[in-house]
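Below is one structure, written out as structure tokens; comments come after it.
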Amino acid sequence: MGVNIYHRQQDQLTGDEIAFAGDYFRSVKNNNYLVLETNAQTIGWTSQMQQPPYPGQMRQNVFAHIGSGANMVEYWHWHSIHYGQETYWKGVLSHDLGPNRAYAEVSKTAHEIKKIGKKLVNLKKKNEVAILFIHDCNEALNFMPFNGSPGWGESNTNAYRSQLVSQFHRVLYRNNIGVDYIFPEKADFEIYKLVIIPALYIASDELLEKINNYIKNGGHVILQFKSGFCDENSMVRPMMAPGPLREACGFYYQEFSNITGLPLKDNPFEVEENVAKDWMEFLIPETAKALAYYDHPYFSKYPAITINDFGKGTLLYEGTLLSGQIQTKIIKKALERAGISDPDLSISWPLIVKSGKNDPGNSVHFYYNYSSEAKELVYPHPSGKELFSGISVTKGESLKKIKNTSFETTAPRLPA
Amino acid sequence: MGVNIYHRQQDQLTGDEIAFAGDYFRSVKNNNYLVLETNAQTIGWTSQMQQPPYPGQMRQNVFAHIGSGANMVEYWHWHSIHYGQETYWKGVLSHDLGPNRAYAEVSKTAHEIKKIGKKLVNLKKKNEVAILFIHDCNEALNFMPFNGSPGWGESNTNAYRSQLVSQFHRVLYRNNIGVDYIFPEKADFEIYKLVIIPALYIASDELLEKINNYIKNGGHVILQFKSGFCDENSMVRPMMAPGPLREACGFYYQEFSNITGLPLKDNPFEVEENVAKDWMEFLIPETAKALAYYDHPYFSKYPAITINDFGKGTLLYEGTLLSGQIQTKIIKKALERAGISDPDLSISWPLIVKSGKNDPGNSVHFYYNYSSEAKELVYPHPSGKELFSGISVTKGESLKKIKNTSFETTAPRLPA
Amino acid sequence: MGVNIYHRQQDQLTGDEIAFAGDYFRSVKNNNYLVLETNAQTIGWTSQMQQPPYPGQMRQNVFAHIGSGANMVEYWHWHSIHYGQETYWKGVLSHDLGPNRAYAEVSKTAHEIKKIGKKLVNLKKKNEVAILFIHDCNEALNFMPFNGSPGWGESNTNAYRSQLVSQFHRVLYRNNIGVDYIFPEKADFEIYKLVIIPALYIASDELLEKINNYIKNGGHVILQFKSGFCDENSMVRPMMAPGPLREACGFYYQEFSNITGLPLKDNPFEVEENVAKDWMEFLIPETAKALAYYDHPYFSKYPAITINDFGKGTLLYEGTLLSGQIQTKIIKKALERAGISDPDLSISWPLIVKSGKNDPGNSVHFYYNYSSEAKELVYPHPSGKELFSGISVTKGESLKKIKNTSFETTAPRLPA
């Protein structure tokens, strides 16, 4: 499995795209992957978005790929080309073909990998959370978008991929919750304790039945609006929404409305961004319990969020597009329900952690600092060894190394 | 005459489009009309503008159509369809095909009509105000627009229809002044006491002569900028503007300027929105009297609004696009000049009144409340009967019924 | 050489376009030129940007053309046309074909020219500053733009012409610094003491060598970012930027970044608009001296502006797009270095001066007031004669004539 991963740099470097693509492509073959192309100096088909990396960002990116499971990081490309469309899609070398700042950092990083790479390659992960991803949902929601300016059918917002799925993934990534993707072609729900399902607009009866069974048998699901609405041919199901998921959801609905932005009544999640937007379903609970209502003069009786016990599991439903802060609260609570815990869950953005087991079977933990400020953290794992320096580290030790210069990664650390 | 009338719902429901289309299509054949399609639950070729109606809005819309002279209200469509472009152009029933909130309101309204419909059908109106409407003016002003971003000829603002005509109509509608449309093919000016003529950019000599004669014989006219400028072939008349209307107008002009927004000097209409915009003609009065000037460092000597006595009538001219508040003041004053009065003229938005005579020859008055707040009004007509309840109502009685829930119509009332 | 020069009017009349086009087309054949078309009453292919001139603007424009070296001013067109695309591209006469306000001003101006035109025609200029203009730079920077929204190659911002060159010219024009254009086909650098070179993105080795020699021999150059980057085929030079200009510049660079807007550190030019934007080169000085740095957390070590002594001359380099205020300070300082002085340099916008020698070999000085306020100035030239009135004027005399009504030109004056 090989993949090209491009992203913003400088103040816009977050690692979001690296983690998203890494989790996604690692999941496709359930194996390590190769990064065939990624940002060298700058990208762009014009010179309008040149963002040469800040010192340390190129190195940080390499270890961000490896921490996600990459077995190779290759640049597009070695040297910048002198004419044509990709003149400003710059390589490690500039047009002058001589050594430069980028080359120096790539070279430094490559020598580090030469030294400790054997302990990082073939990193294996065992995650307890998964996101269900379906390309057909993106296509169908482009044909009939639910947000953006009314486009009379010609809109192409890619909202499923770039707003819904990516919001869920970003919340997981920035809270250091390891995640895999699962796909309808091989939907191994049972491996996971919690499955997050963004707007499941397109789904066959068979897939919906799998979800129902997963929950019945003790699985926990977070399900988003529009799920179960259409069959696999984008035909709206001629039954009460959410169709075959009705019993698992514990409600039905017949109506929905676009909204620009509404608060949830009484701010039930106690967040600053207490806002629901774009879409509102008029849920009518049967067995589900309401977790939040809209603050609206006419439609405040319909819950915005519900939870339903179904068999041995639970289904939490979001009838609207929630803010990232609300989403974070919902996911953290779902981890508790699903019995998922990890010592690194107490750390969060801008400190990022990635973990896995290496070839010898040892645990490796990568710590990234995505801010320009120095940070401290208490090392929560069994005693081990800091790989770059070879210095030992004990459980509970306060790591000062995280204070080194901005965007420098102190990863990876390998317990003995 | 059948027509499709679609509009916004929820907080954007004003009845403007229903009244505009109703007045227009009733005037085309000078008879009642059928609404072949209108909003059921929601409209849109995507799901980006779904606006299921607030409670009572569907019922209010039905009586708004009837009050404008509709003899039938039909929905597009009975049930929502399950695939294709109009998946989200929802019918009375949702995709589940079962009874729902919309069906309940449609059913309730239908039963009301079954009960009292014979007293509402074939409603006849006799209005004293008319708007002259000419499609060619819309086309020609799209070819050579006078506002919006300079489009080098490719612009299509539909300003005549969607800004000029609709502004005049909205002022009339929201002040409960009954209005018909007249068309150049059959311009029966003489029936009306006051004729409002939006930018008459395209007109034959014959039509202009009719207008001159109408005023000479005692008619009152409100005429807007660019009138008389071109002949019926969109050729600018090779004479002092406003061409054959010069004598009736009592001024000529040779110049005009686009403007972004200018106050009228000394706020002569004493309004909050004291603003003229988009277009300014450099009127040079001959017999006309200036009613307002521009507040401008170089062009303040040219009147913005003039009035001219011509024969037994008057012509009020607007050389610029005036705010709705100024337009309201101008029209109310013109009603006085034309000797038009009606007890319902003391009521205004958000309380809307529509009236007519039914088959037995009785007057019917419809009262609509387009706000969410309860309202009171003093019933100003001869004693009659509230049609829904059958309760008697006497002249001068204060009606509390207008306080019932938002958007609920207390119409119709039928004096004995 | 004939040229059409169109521009905004009313509050947007600045004379910028008249001066820019005049300097440019006068330079093409190094001779006087004819204005074949210019604004009569109004322009536009719709009626969305009608701007009939304020009183005096038409006269001011005629003398603005003549002061730039025009030998004729012709209008498009005599009378407004009655149909088609240019209906609102109005002539001196309106559609009514009768005399009007515009005609009166044109007639007055024409009679003035009849009286004193022989003293104005064939005006010759000898400027000490030149701007190098290359169409290929505009084309190439449209293919690979450096600012505006990222357009993935399809952008067409014309930034070279409409932002870079025009900024330099506007600063010169508004500070009454006479300027010619020079072109690569006949680049007579030696005639000038100071040559301003906007982003010289496209240039042959031969042209760059000419520039190097010009400086070596004592010339002074202001050079802007991206210069020397590509050869004449838009191929990036495979060497350290700025290629063959490296020695003259006294620095090299390998990197560049887009920026939205950054202050220069410590506001070295003491201006209100202390801002660099769009583009930032990471200059590494060899012999050049830094004049300003960026205020940036990571890239503050790279100079924004440098100056280098090279042979007998100097090269000032701008590695970023500077504000007009900074540009003004830089150019004024460069005049000092180049030993350029003129008594009119103490006057600036909104008072504009243009000068030249007429057929009899006398100096003519045109004074324009582009504000609506009266202005005074001290006449700094040898004693002469005010041409319109014939009144004598002595050196050091305070001219009150500049107070006359807005946009009225008191030009031209002819010393004996």
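Please note that chains go A, B, ... in the order of the structure tokens, that every chain numbers its residues from 1, and that ligands are numbered from 1 in the order shown.
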
Please identify every residue of chain B that has at least one atom no farther than 8 Å from an atom of chain A, counting only C-alpha atoms, and for each give the shortest atom pair and the distance in Å to one decimal, arranged by chain then increasing number, as CSV.
residue,atom,partner,partner_atom,distance
B:Gly44,CA,A:Trp152,CA,6.8
B:Trp45,CA,A:Trp152,CA,4.8
B:Thr46,CA,A:Met144,CA,4.6
B:Ser47,CA,A:Phe146,CA,4.7
B:Gln48,CA,A:Phe146,CA,4.6
B:Met49,CA,A:Asn258,CA,5.9
B:Gln50,CA,A:Ser257,CA,5.0
B:Gln51,CA,A:Ser257,CA,5.4
B:Pro52,CA,A:Ser257,CA,6.1
B:Tyr54,CA,A:Tyr298,CA,6.7
B:Pro55,CA,A:Tyr298,CA,7.7
B:His82,CA,A:Val236,CA,4.7
B:Tyr83,CA,A:Met235,CA,5.1
B:Gln85,CA,A:Gly153,CA,7.5
B:Thr87,CA,A:Val236,CA,7.9
B:Ser94,CA,A:Gln254,CA,6.1
B:His95,CA,A:Pro238,CA,5.3
B:Asp96,CA,A:Met239,CA,4.0
B:Leu97,CA,A:Pro238,CA,6.9
B:Asn100,CA,A:Gln254,CA,7.2

Residues of the last selection are to be written out with N, CA and C atoms, as a CSV table (one decimal), in the first residue's frame.
chain,number,residue,atom,x,y,z
B,44,GLY,N,-36.7,22.3,-2.8
B,44,GLY,CA,-35.3,22.3,-3.0
B,44,GLY,C,-34.8,21.2,-3.8
B,45,TRP,N,-33.8,21.4,-4.7
B,45,TRP,CA,-33.2,20.4,-5.5
B,45,TRP,C,-32.0,19.8,-4.8
B,46,THR,N,-31.8,20.2,-3.6
B,46,THR,CA,-30.8,19.5,-2.7
B,46,THR,C,-31.5,19.5,-1.4
B,47,SER,N,-30.7,19.1,-0.3
B,47,SER,CA,-31.3,19.2,1.0
B,47,SER,C,-30.6,20.3,1.8
B,48,GLN,N,-30.3,21.4,1.1
B,48,GLN,CA,-29.6,22.5,1.7
B,48,GLN,C,-30.6,23.6,2.1
B,49,MET,N,-31.9,23.6,1.7
B,49,MET,CA,-32.8,24.6,2.1
B,49,MET,C,-34.2,24.1,2.5
B,50,GLN,N,-34.1,23.0,3.3
B,50,GLN,CA,-35.3,22.4,3.8
B,50,GLN,C,-35.9,23.3,4.9
B,51,GLN,N,-37.1,23.7,4.8
B,51,GLN,CA,-37.8,24.5,5.7
B,51,GLN,C,-39.2,24.0,6.0
B,52,PRO,N,-39.3,22.9,6.7
B,52,PRO,CA,-40.7,22.4,7.1
B,52,PRO,C,-41.4,23.6,7.8
B,54,TYR,N,-43.6,26.0,10.2
B,54,TYR,CA,-44.0,26.1,11.6
B,54,TYR,C,-45.4,25.7,11.7
B,55,PRO,N,-45.9,25.2,12.9
B,55,PRO,CA,-47.3,24.9,13.1
B,55,PRO,C,-48.2,26.0,12.7
B,82,HIS,N,-38.8,9.0,-4.0
B,82,HIS,CA,-37.7,8.3,-3.4
B,82,HIS,C,-36.4,8.3,-4.1
B,83,TYR,N,-36.4,8.9,-5.2
B,83,TYR,CA,-35.1,9.1,-5.9
B,83,TYR,C,-35.2,10.3,-6.9
B,85,GLN,N,-34.0,14.1,-8.8
B,85,GLN,CA,-33.8,15.5,-8.5
B,85,GLN,C,-34.7,16.0,-7.4
B,87,THR,N,-36.1,14.6,-4.8
B,87,THR,CA,-36.1,13.7,-3.6
B,87,THR,C,-36.5,14.6,-2.4
B,94,SER,N,-44.3,12.3,3.9
B,94,SER,CA,-42.9,12.0,3.8
B,94,SER,C,-42.6,10.7,3.1
B,95,HIS,N,-41.3,10.4,3.0
B,95,HIS,CA,-41.0,9.2,2.2
B,95,HIS,C,-41.6,7.9,2.9
B,96,ASP,N,-42.0,8.0,4.1
B,96,ASP,CA,-42.5,6.9,4.8
B,96,ASP,C,-44.0,6.6,4.4
B,97,LEU,N,-44.6,7.6,3.7
B,97,LEU,CA,-45.9,7.4,3.2
B,97,LEU,C,-47.0,7.4,4.2
B,100,ASN,N,-48.7,12.3,9.0
B,100,ASN,CA,-47.6,13.1,9.7
B,100,ASN,C,-48.2,14.4,10.1

Point to revise | Polymer residues at most 7 Å from stretch 347-361 of chain A, only C-alpha atoms, same-chain spacing of 2 or more positions, as a PyMOL selection string | key: chain A and resi 67-68+119-125+174-176+344-345+363-371

**Study point:** Which of stretch 147-191 of chain C fall in strand (DSSP E or B), as a PyMOL selection string
**Key:** chain C and resi 179-183+186

Take the residues from that selection and put them in a file with C-alpha atoms, as a CSV table (one decimal), in the first residue's frame.
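What landed in selection11.csv:
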chain,number,residue,atom,x,y,z
C,179,VAL,CA,9.4,59.1,-15.5
C,180,ASP,CA,9.8,57.3,-18.8
C,181,TYR,CA,9.4,53.7,-19.6
C,182,ILE,CA,12.1,51.6,-21.1
C,183,PHE,CA,11.6,48.3,-22.8
C,186,LYS,CA,15.7,49.0,-26.7

Check your understanding: What does the distance between atom CA of C:Thr260 and atom CA of A:Asp16 come to in Å, to one decimal place?
Key ->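 For atom CA of C:Thr260 relative to atom CA of A:Asp16, the distance reads 22.8 Å.
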
Practice item. Assign secondary structure with DSSP using the backbone only, and return the residues of stretch 299-411 of chain B in helix (DSSP H, G or I) as a list in words. Key: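 The helix (DSSP H, G or I) residues within stretch 299-411 of chain B come out as Gly324, Gln325, Ile326, Gln327, Thr328, Lys329, Ile330, Ile331, Lys332, Lys333, Ala334, Leu335, Glu336, Arg337, Ala338, Pro343, Asp344, Leu345, Ser346, Lys401, Ile402 and Lys403 of chain B.
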
Exercise for review: Extract, using only C-alpha atoms, all DNA, RNA and protein residues at most 8 Å from A:Val129, discarding same-chain residues fewer than 2 positions from it, and format them as a VMD selection string.
Suggested key: chain A and resid 127 131 177 to 180 192 to 196

Exercise for review: Considering only C-alpha atoms, return as an MDAnalysis selection string whatever protein or nucleic-acid residues lie within 12 Å of C:Arg59, sequence-local ones (same chain, fewer than 2 positions apart) excluded.
Suggested key: chainID C and resid 39:40 53:57 61:66 73 102:113 368 406:411
